[in-house]
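Pasting run.cif here (mmCIF, C-alpha atoms):
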data_final
#
loop_
_atom_site.label_atom_id
_atom_site.label_comp_id
_atom_site.auth_asym_id
_atom_site.auth_seq_id
_atom_site.Cartn_x
_atom_site.Cartn_y
_atom_site.Cartn_z
CA MET A 20 -175.31 18.31 -42.09
CA ILE A 21 -172.12 18.78 -44.09
CA GLU A 22 -171.91 22.05 -45.97
CA PRO A 23 -172.15 21.39 -49.76
CA GLU A 24 -169.55 24.01 -50.70
CA LEU A 25 -166.76 22.40 -48.65
CA THR A 26 -163.86 20.67 -50.38
CA ILE A 27 -163.47 16.93 -49.90
CA PRO A 28 -160.58 17.39 -47.41
CA ASP A 29 -162.66 19.90 -45.43
CA ARG A 30 -165.62 17.49 -45.36
CA ILE A 31 -163.35 14.73 -44.06
CA LYS A 32 -161.94 17.03 -41.37
CA ASP A 33 -165.50 17.94 -40.32
CA LEU A 34 -166.39 14.23 -40.05
CA ILE A 35 -163.36 13.63 -37.83
CA GLU A 36 -163.99 16.67 -35.63
CA THR A 37 -167.62 15.61 -35.15
CA GLU A 38 -166.49 12.11 -34.30
CA LEU A 39 -163.97 13.40 -31.75
CA ALA A 40 -166.56 15.73 -30.20
CA GLU A 41 -168.89 12.74 -29.73
CA TYR A 42 -166.14 10.40 -28.48
CA SER A 43 -166.51 9.48 -24.83
CA ALA A 44 -163.08 10.00 -23.28
CA THR A 45 -164.12 9.30 -19.69
CA THR A 46 -161.38 6.79 -18.85
CA SER A 47 -157.63 7.16 -18.93
CA PRO A 48 -157.22 4.74 -21.88
CA GLN A 49 -159.94 6.55 -23.88
CA LEU A 50 -158.28 9.90 -23.20
CA ALA A 51 -154.91 8.47 -24.26
CA THR A 52 -156.48 7.10 -27.46
CA ALA A 53 -158.07 10.47 -28.32
CA THR A 54 -154.79 12.29 -27.63
CA ALA A 55 -152.75 9.86 -29.74
CA PHE A 56 -155.32 10.01 -32.55
CA ARG A 57 -155.24 13.81 -32.63
CA ALA A 58 -151.42 13.70 -32.72
CA ALA A 59 -151.45 11.26 -35.65
CA LEU A 60 -153.90 13.27 -37.79
CA CYS A 61 -152.61 14.84 -40.99
CA GLU A 62 -154.10 16.96 -43.75
CA PRO A 63 -156.26 14.60 -45.81
CA GLU A 64 -154.15 13.40 -48.73
CA GLU A 65 -155.43 11.49 -51.73
CA VAL A 66 -153.86 8.02 -51.97
CA LYS A 67 -154.41 4.89 -54.03
CA VAL A 68 -155.54 2.00 -51.79
CA GLN A 69 -155.44 -1.68 -52.73
CA PHE A 70 -158.38 -3.89 -51.76
CA SER A 71 -158.77 -7.66 -51.89
CA GLY A 72 -158.79 -9.06 -55.38
CA GLY A 73 -156.25 -6.49 -56.56
CA VAL A 74 -158.83 -3.71 -56.87
CA PHE A 75 -157.48 -0.17 -56.43
CA GLN A 76 -159.46 2.91 -55.40
CA MET A 77 -158.55 6.54 -54.77
CA CYS A 78 -159.14 7.34 -51.10
CA TRP A 79 -157.92 9.87 -48.51
CA ALA A 80 -155.24 9.26 -45.86
CA VAL A 81 -156.17 11.03 -42.60
CA THR A 82 -153.35 9.89 -40.28
CA ARG A 83 -149.63 9.71 -40.74
CA SER A 84 -148.21 6.22 -40.99
CA ASP A 85 -146.83 4.75 -37.80
CA GLY A 86 -144.58 2.60 -40.00
CA ASP A 87 -147.16 -0.17 -40.27
CA TYR A 88 -150.67 1.33 -40.32
CA ARG A 89 -152.64 4.42 -41.22
CA VAL A 90 -156.29 5.42 -41.24
CA ILE A 91 -157.87 6.08 -44.65
CA TYR A 92 -161.26 7.56 -45.59
CA LEU A 93 -163.11 5.54 -48.23
CA PRO A 94 -165.29 8.07 -50.09
CA LEU A 95 -167.34 5.53 -52.04
CA ALA A 96 -168.22 3.67 -48.82
CA GLY A 97 -168.53 6.76 -46.59
CA TYR A 98 -166.46 5.39 -43.72
CA PHE A 99 -162.87 4.91 -42.57
CA SER A 100 -160.50 1.96 -42.90
CA LEU A 101 -157.36 0.81 -41.15
CA CYS A 102 -154.79 0.07 -43.84
CA VAL A 103 -151.42 -1.61 -43.61
CA GLU A 104 -148.47 -0.02 -45.39
CA SER A 105 -147.04 -2.17 -48.18
CA ALA A 106 -144.56 -1.88 -51.03
CA PHE A 107 -147.58 -1.07 -53.23
CA GLY A 108 -149.05 1.59 -50.92
CA PRO A 109 -151.87 1.28 -48.38
CA LEU A 110 -153.62 -2.10 -48.30
CA ASP A 111 -157.14 -2.39 -46.86
CA ILE A 112 -157.24 -5.07 -44.14
CA GLY A 113 -161.00 -5.07 -43.54
CA VAL A 114 -161.15 -2.96 -40.37
CA HIS A 115 -163.83 -0.34 -41.14
CA GLY A 116 -165.96 2.18 -39.29
CA LYS A 117 -165.26 5.40 -37.42
CA ALA A 118 -161.79 6.90 -37.75
CA ILE A 119 -160.95 6.71 -34.05
CA GLY A 120 -162.25 3.14 -33.87
CA CYS A 121 -160.01 2.07 -36.74
CA PHE A 122 -157.08 3.91 -35.18
CA SER A 123 -157.58 2.32 -31.77
CA SER A 124 -157.84 -1.22 -33.15
CA VAL A 125 -154.07 -1.48 -33.53
#
Just dump the structure as structure tokens.
Amino acid sequence: MIEPELTIPDRIKDLIETELAEYSATTSPQLATATAFRAALCEPEEVKVQFSGGVFQMCWAVTRSDGDYRVIYLPLAGYFSLCVESAFGPLDIGVHGKAIGCFSSV
């Protein structure tokens, strides 16, 4: 259970750490994915994300951009999204789920 007194960024970091602890890195590619994901993580930062239909929502970036993509936490949905970088900021492309799963889908 997530501690109720934690800040939103701390809750997000706990979600990610739990996910990484449960991630099965038994093969070389899985280990490489986990290592690259850890290297890409950043302090959760609030960002405005654009969704289909021109809808915007405040969310939390959890990885640095690789120039094209970054992983974002969607607080209203309770899961992560892979977003593409655009001139208007992060754009949701419909890849949702666990943070490491979104990250590894690129």
Spell out the residues picked by the PyMOL selection byres ((chain A and resi 94) around 10) here, as a list in words.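 Given this file, the PyMOL selection byres ((chain A and resi 94) around 10) evaluates to Ile27, Ile31, Gln76, Met77, Cys78, Trp79, Ile91, Tyr92, Leu93, Leu95, Ala96, Gly97, Tyr98 and Phe99 of chain A.
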Two-atom distance - CA of Ser43 (chain A), CA of Gly116 (chain A) (Å):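 If I compute the distance from CA of Ser43 (chain A) to CA of Gly116 (chain A), I get 16.2 Å.
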Between CA of Val74 (chain A) and CA of Val114 (chain A), what is the distance, to one decimal in Å?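 If I compute the distance from CA of Val74 (chain A) to CA of Val114 (chain A), I get 16.7 Å.
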What's the 10 Å shell around region 110-112 of chain A, counting all atoms listed in the file, without same-chain residues fewer than 6 positions away, as number ranges by chain? A: 67-71, 73, 75, 88-91, 100-104
As an exercise, work out the distance from CA of Val66 (chain A) to CA of Ser123 (chain A) in Å and give it to one decimal place. 21.3 Å
Which residues fall under the PyMOL selection byres ((chain A and resi 57) around 12) in this file, as number ranges by chain? A: 32, 35-36, 38-40, 50-56, 58-62, 81-83, 118-119, 122-123
Using only C-alpha atoms, which of A:Gly113, A:Pro48, A:Pro28, A:Gly120 sits nearest Ala80 (chain A)?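 Looking only at the distances to Ala80 (chain A), the closest residue turns out to be A:Pro28.
Checking A:Val125, A:Asp87, A:Lys117, A:Ser105 one by one against Tyr42 (chain A), counting all atoms listed in the file, you find the shortest gap at A:Lys117.
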Rank A:Pro109, A:Thr46, A:Pro63, A:Gly86 by their smallest atom-to-atom distance to Leu34 (chain A), using all atoms listed in the file, and report the top residue only. A:Pro63
